[in-house]
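Worksheet: the structure to be examined is printed underneath.
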Amino acid sequence: MPVPTIADPPVVVQSGAKPSQQSMSKAERRELQEKQRAAKAALKEQQGGGKPQGGKAPAGAQPKPPQTPKAPKDQQAGPPQAKIPQATGGAGPSKTKIPTTPHRKSFLAESPWKGGLKDASAAAAEEASNRQSHGLRIFTHFGQPKPIIAVKGEIHPAIVRLGLLFSEFKICGANARCIATLTAFKQVIQDYTTPPQHTLSRHLMTHLSPQITHLVSARPMSVTMGNAIRELKLKISNIDIDMVEQDAKNALYAEIDNYIRDRILLADELIEELAGNKIKDGDVILTYAKSSVVEKVLLNAREEGKKFSIIVIDSPPLLEGKVLLQSLIQGSNPIPCTYALLPALPSLLTDVSMVLVGAHALYSNGAVYSRAGTAMVAMMAKANSVPVVVCCETYKFSEGVMVDGFSKNELVPLSISNKHSNLLKDIDAEPNLEKLNPLYDLTPPGYITAVVTEVGLIPPSSISSIPLALGKTNM
């Protein structure tokens with residue numbers, strides 16, 4: 001570029017263009033700098049460095065210097081300025097600060113992670129709310145009774161009644177809940193009528209879905225109920241679409257009755273015989289809480305004339321061992337029993353010959369899912385070299401794997417725990433105390449000696465072979 005000299009013609013400024021700093025006096029340049037500082041201060045006050053009102057740059061904004069980042073949009077909005085060559089000698093115009101790039105501020109303003117005053121106050125309010133709610137959030141995934149909400153479809157009165165019995169724990173136990181559910185479904189099927197233009201094998205499945213949802217809202221579904229419902233749905237889907245409706249219903253009644261008879265009642269009779277053979281005269285049998293199949297085993301052994309005694313270990317909140325105790329001491333030939341709570345277990349294990357417990361579910365890795373406290377009983381028995389025998393029907397088998405009782409469990413409602421146990425009523429008024437009563441725990445297979453099923457005594461390491469023993473690939 002040629003160096004301008006005095007002989008060069010004066011630069012003509014286009015009409016409407018702003019005068020250059022070279023043609024200004026010292027006072028004008030100072031005034032221009034003051035305006036620029038005021039414009040920059042106004043930009044900083046705006047949230048995120050957005051555009052000033054009107055979308056135009058302040059008067060007298062500097063042209064973009066070379067080799068600098070892109071100028072803000074508010075400066076680009078002004079009218080174009082004439083290019084003025086600058087002299088190399090003499091005092092040049094005073095350098096002005098390059099305005100801060102507004103992109104950083106706008107990023108913080110638009111980012112969802114910005115810690116602004118509003119976000120900080122909301123987070124503080126949420127944290128305070130969490131502190132006031134003294135419920136343990138790590139246990140919120142445990143199953144609890146849900147409020148009954150309106151569901152699609154009509155709920156049969158038998159299902160409504162059964163849901164109330166479930167929620168109040170008047171029907172408790174895996175076998176009892178499964179039998180009650182299948183019996184209620186028989187009434188639902190009996191009162192069901194296939195709508196026109198529909199088939200029973202398709203529409204009945206839709207009709208049963210809200211009934212199942214209602215029962216699950218009353219209390220989380222057990223493994224036994226899930227297996228039975230899947231079996232029932234399989235039978236419904238296999239019904240011939242040309243079969244008369246009443247004949248199809250009769251076939252379903254028979255399937256339900258056969259399932260209850262074969263998988264529960266007859267299975268319990270075989271378990272009674274197999275487990276009863278392990279009881280000898282003079283034995284001291286320890287059992288925990290209440291299991292319907294263990295109760296049948298002990299009563300059957302008494303009927304056979306065997307002389308043995310029983311230690312019933314119990315724990316709150318349900319204290320189910322009291323019900324088992326009443327059953328064992330009744331009749332003309334009562335069984336000598338000792339009743340104690342779980343903390344007294346170490347002092348009683350020295351005289352025990354065998355531990356006999358029930359199960360809520362049996363998983364493919366050999367773990368036993370049972371009433372909370374069973375794992376402690378099994379572990380302490382193992383430490384004292386006492387065999388632990390679990391009585392469990394094969395329909396309680398689950399192909400899933402569980403490694404602890406934390407990933408899946410159920411909480412006893414406070415109304416039920418207060419009803420069955422008076423031990424903690426003195427501290428009910430404590431505002432910062434939360435009662436937590438998990439209903440089940442998981443016993444690792446290493447603490448179990450054998451599992452008695454209707455197909456025989458099975459070691460925990462061979463639990464996964466149960467479906468093959470039944471002649472099927474799945475349950």
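In the structure tokens, each chain is lettered A, B, ... as it comes, each chain's residues begin at 1, and ligands are numbered from 1 in order of appearance.
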Note to self: DSSP on the backbone: which residues in range 129-339 of chain A end up as strand (DSSP E)? Give the answer as number ranges by chain.
What the structure shows: A: 284-288, 309-314, 337-339
Item checked: Selected residue, from A:Leu270, A:Leu433, A:Ala251, A:Ile466, that lies nearest to Ser364 in chain A when counting only C-alpha atoms ->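 Going through A:Leu270, A:Leu433, A:Ala251, A:Ile466 one by one, the smallest distance to Ser364 in chain A is for A:Ile466.
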Next item on the list: Based on DSSP run over this structure's backbone, return all residues of range 353-406 of chain A in helix (DSSP H, G or I), as a list in words.
Entry: Thr374, Ala375, Met376, Val377, Ala378, Met379, Met380, Ala381, Lys382, Ala383, Thr394, Tyr395 and Lys396 of chain A
Could you write out that same residue set with N, CA and C atoms as a JSON list (two decimals), in the first residue's frame?
[["chain", "number", "residue", "atom", "x", "y", "z"],
["A", 374, "THR", "N", -34.40, -64.90, 57.84],
["A", 374, "THR", "CA", -34.01, -66.26, 57.48],
["A", 374, "THR", "C", -32.52, -66.35, 57.19],
["A", 375, "ALA", "N", -31.97, -65.35, 56.54],
["A", 375, "ALA", "CA", -30.54, -65.37, 56.22],
["A", 375, "ALA", "C", -29.70, -65.38, 57.50],
["A", 376, "MET", "N", -30.11, -64.62, 58.51],
["A", 376, "MET", "CA", -29.36, -64.62, 59.76],
["A", 376, "MET", "C", -29.43, -65.98, 60.44],
["A", 377, "VAL", "N", -30.60, -66.59, 60.43],
["A", 377, "VAL", "CA", -30.75, -67.92, 61.03],
["A", 377, "VAL", "C", -29.85, -68.93, 60.32],
["A", 378, "ALA", "N", -29.85, -68.89, 58.97],
["A", 378, "ALA", "CA", -29.05, -69.84, 58.21],
["A", 378, "ALA", "C", -27.55, -69.62, 58.43],
["A", 379, "MET", "N", -27.12, -68.37, 58.49],
["A", 379, "MET", "CA", -25.70, -68.09, 58.68],
["A", 379, "MET", "C", -25.21, -68.53, 60.06],
["A", 380, "MET", "N", -26.02, -68.27, 61.09],
["A", 380, "MET", "CA", -25.62, -68.68, 62.43],
["A", 380, "MET", "C", -25.66, -70.20, 62.59],
["A", 381, "ALA", "N", -26.61, -70.84, 61.91],
["A", 381, "ALA", "CA", -26.65, -72.31, 61.95],
["A", 381, "ALA", "C", -25.44, -72.90, 61.25],
["A", 382, "LYS", "N", -25.05, -72.31, 60.14],
["A", 382, "LYS", "CA", -23.86, -72.79, 59.43],
["A", 382, "LYS", "C", -22.62, -72.64, 60.30],
["A", 383, "ALA", "N", -22.53, -71.53, 61.05],
["A", 383, "ALA", "CA", -21.37, -71.32, 61.92],
["A", 383, "ALA", "C", -21.33, -72.33, 63.06],
["A", 394, "THR", "N", -41.65, -76.50, 43.61],
["A", 394, "THR", "CA", -40.94, -76.11, 42.40],
["A", 394, "THR", "C", -41.63, -74.96, 41.66],
["A", 395, "TYR", "N", -42.91, -74.72, 41.90],
["A", 395, "TYR", "CA", -43.56, -73.61, 41.20],
["A", 395, "TYR", "C", -43.10, -72.26, 41.75],
["A", 396, "LYS", "N", -42.33, -72.26, 42.82],
["A", 396, "LYS", "CA", -41.73, -71.02, 43.34],
["A", 396, "LYS", "C", -40.39, -70.71, 42.68]]
Next item on the list: Considering only C-alpha atoms, return as a list in words whatever protein or nucleic-acid residues lie within 7 Å of range 223-225 of chain A, sequence-local ones (same chain, fewer than 3 positions apart) excluded.
Entry: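 Residues near the query, excluding close chain neighbours: Ala174, Cys178, Ala228, Ile229, Ala361, Tyr395 and Lys396 of chain A.
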Okay, now the selection with C-alpha atoms, as a PDB file, in the first residue's frame?
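out.pdb, freshly written:
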ATOM      1  CA  ALA A 174     -46.845 -67.335  48.941  1.00  0.00           C
ATOM      2  CA  CYS A 178     -51.451 -67.839  44.837  1.00  0.00           C
ATOM      3  CA  ALA A 228     -49.410 -68.943  37.982  1.00  0.00           C
ATOM      4  CA  ILE A 229     -50.692 -65.972  35.946  1.00  0.00           C
ATOM      5  CA  ALA A 361     -39.013 -67.935  46.012  1.00  0.00           C
ATOM      6  CA  TYR A 395     -43.559 -73.612  41.205  1.00  0.00           C
ATOM      7  CA  LYS A 396     -41.729 -71.022  43.336  1.00  0.00           C
TER       8      LYS A 396
END
Check: Closest to Leu215 in chain A among A:Thr181, A:Ser292, A:Thr449, A:Gln33, using only C-alpha atoms?
Finding: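 Among the listed residues, the smallest separation from Leu215 in chain A belongs to A:Thr181.
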Margin query: Env of range 183-187 of chain A: 7 Å cut, atoms = only C-alpha atoms, seq-sep filter 6 positions within chain, self excluded. Answer as a list in words.
Written below: Ala158, Ile159 and Tyr253 of chain A
Margin query: List as a list in words the protein and nucleic acid residues near Ser370 in chain A, meaning an atom at most 9 Å away when only C-alpha atoms are counted, but skip any in the same chain fewer than 4 places from it.
Written below: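 Contacts, with the query itself left out: Val357, Gly358, Ala359, His360, Ala361, Leu362, Thr374, Ala375, Leu439, Tyr440, Asp441, Leu442 and Thr443 of chain A.
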Next item on the list: Do a neighbour search on range 342-345 of chain A at 6 Å with only C-alpha atoms, toss out local chain neighbours closer than 4 positions, and write the hits as number ranges by chain.
Entry: A: 313-315
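Interatomic distance, CA of Val390 in chain A against CA of Ala218 in chain A: 28.7 Å.
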